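Peer 1: Structure incoming, see below.
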Protein chains: 2
Amino acid sequence: MQTPEELTARFRATGRKVTAQRQCVFRVLQGDESHPSAEAVHAAARRQVETISLKTVYQTLHDLTELGEIAALDIGTGMVRFDPNVEEPHHHLVCRVCGKVSDLVVDFPELSVPERATQGFELGAPEVVFRGRCPECRSRSTDPSVGSTPGGSPTGGERDAPTSP
Amino acid sequence: MQTPEELTARFRATGRKVTAQRQCVFRVLQGDESHPSAEAVHAAARRQVETISLKTVYQTLHDLTELGEIAALDIGTGMVRFDPNVEEPHHHLVCRVCGKVSDLVVDFPELSVPERATQGFELGAPEVVFRGRCPECRSRSTDPSVGSTPGGSPTGGERDAPTSP
DNA sequence: TTGTTACCTAACAATCAGTGGTAATTATGG
DNA sequence: CCATAATTACCACTGATTGTTAGGTAACAA
Ligand SMILES: [Mn+2]
Ligand SMILES: [Mn+2]
Ligand SMILES: [Zn+2]
Ligand SMILES: [Zn+2]
């Protein structure tokens, strides 16, 4: 995703009007690496423009996706997640417990399909998803098998666990 | 997934009753490589047991998933797709147009994440999805004027494929 | 500056996949 | 046989997303 200023220009150039609400969504998305849902974007946007409607957020996300400025990821968390990082190809780690999505910056070189295995499909880029448990959900787990990871990563950060869908 | 007979035994062994409806779902799933949705399973099951309810189908699919006899795939087609092939690890090709899901039998060897890239995640097996267009949708969405291009086809411009229904 | 027009909001209704409840009936398996 | 699980029809409900309306505001080109 480009900067809010560049997006402003691009919106004008594509016949779209630039409003305070849209620019607010631009700013919310800029540098956001949490892969927020539309609701999450809405919540963040409301902190800047209290009256912005969910509808407008959906509309702006749709426009940005159409322009290829962000990516809409549907990776089994129940909601579409939006990714402003479309410049750097990457994959994702998905927490099965809380739905957290993290970037996986590893590039997999050997990830091409032999022509005969494509079954006539016209293929795009591969999407790799590793599902598992994020650090927070690992440490929060009451599973007794967790707790003694020798030399592991005692990140210690046992933060609150807000999400309870 | 095991055979309907084996599933019958397994259901009994796990305290579940075996009914005509459940066995019907077993048979529908057996050898099905189309990764059907619950609705699709229901439609197929109705051809054998006309009165089987969608609820029962959901219940049976849930049970089978719980037992690990089938896999529930959420790969962005809007519905959960069920996969009776849990014996052979594999990946998937997904048609962006019609939602068709095909097995990708290629095994990717070097698909492991360097320890430092995991960000503390506890990871499961990687899921690879190639999105694209299936053969049917490729031939259906080409320009009408390109109906039968002989030899070296100047497929020229890939126009926007108009979204179906 | 002004006029056209896109945009925004609020408040709903609707869709779609999936879950949940009821009550009455059926049928499994010990 | 018979307790009890399962099934059915029916309907309400969630949650994400889209659509619709109507009235008001604001962007931007002239
Ligand atoms: Mn990402
Ligand atoms: Mn499969
Ligand atoms: Zn988590
Ligand atoms: Zn297709």
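Each chain in the structure tokens gets a letter, A, B and so on, in the order shown; residues start at 1 in every chain, and ligands are counted from 1 in the order they appear.
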Report the Cα RMSD between chain A and chain B after least-squares superposition, pairing every C-alpha atom in order.
Peer 2: 4.7 Å
Peer 1: Report as a list in words all protein, DNA and RNA residues lying within 6 Å of region 75-89 of chain A, evaluated on only C-alpha atoms (C1' of nucleotides), omitting residues in the same chain fewer than 2 positions from it.
Peer 2: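 Everything that qualifies: Met1, His35, Pro36, Ser37, Ile70, Ala71, Ala72, Leu73 and Gly99 of chain A; Asp74 of chain B.
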Peer 1: Next, write the just-selected residues to a file, as a PDB file, in the first residue's frame, keeping C-alpha atoms as the atom set.
Peer 2:
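Full text of out10.pdb as output:
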ATOM      1  CA  MET A   1       0.000   0.000   0.000  1.00  0.00           C
ATOM      2  CA  HIS A  35      -4.232  -8.002   9.183  1.00  0.00           C
ATOM      3  CA  PRO A  36      -7.321  -6.319  10.581  1.00  0.00           C
ATOM      4  CA  SER A  37     -10.856  -7.277   9.730  1.00  0.00           C
ATOM      5  CA  ILE A  70      -4.344  -3.873  -0.146  1.00  0.00           C
ATOM      6  CA  ALA A  71      -5.058  -7.581  -0.265  1.00  0.00           C
ATOM      7  CA  ALA A  72      -8.183  -9.255   1.049  1.00  0.00           C
ATOM      8  CA  LEU A  73      -7.241 -12.503   2.736  1.00  0.00           C
ATOM      9  CA  GLY A  99      -7.233 -15.825  14.905  1.00  0.00           C
TER      10      GLY A  99
ATOM     11  CA  ASP B  74     -11.916 -23.332   4.823  1.00  0.00           C
TER      12      ASP B  74
END
Peer 1: For chain C, which residue among B:Ala9, B:Leu67, B:Val18, B:Val41 is the nearest when counting only C-alpha atoms (C1' of nucleotides)?
Peer 2: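 Result for the nearest residue to chain C: B:Val18.
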Peer 1: Got a sec to pull out which chain D residues are within 10 Å of chain A, counting only C-alpha atoms (C1' of nucleotides), and send them as a PyMOL selection string?
Peer 2: chain D and resi 15-18+26-28
Peer 1: What's the 9 Å shell around Ala45 (chain B), counting only C-alpha atoms (C1' of nucleotides), without same-chain residues fewer than 5 positions away, as a PyMOL selection string?
Peer 2: chain B and resi 21+24-25+27-28+40+50+52+57
Peer 1: Give as a PDB file with C-alpha atoms (C1' of nucleotides), in the first residue's frame every residue of chain C that touches chain B within 8 Å, counting only C-alpha atoms (C1' of nucleotides).
Peer 2:
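The result, stored in part.pdb:
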ATOM      1  C1'  DA C  17     -23.644 -20.349   5.922  1.00  0.00           C
ATOM      2  C1'  DT C  28     -31.034 -48.148  17.264  1.00  0.00           C
ATOM      3  C1'  DG C  29     -28.871 -51.320  20.196  1.00  0.00           C
TER       4       DG C  29
END
Peer 1: If you count only C-alpha atoms (C1' of nucleotides) and all ligand atoms, which residues end up within 8 Å of ligand 4, as a ChimeraX atom specification?
Peer 2: /B:94-100,133-138
Peer 1: For chain B, which residues have at least one atom within 7 Å of chain A, if we go by only C-alpha atoms? Write them as a PyMOL selection string, please.
Peer 2: chain B and resi 74-76+104+108+110-111+117+120-135
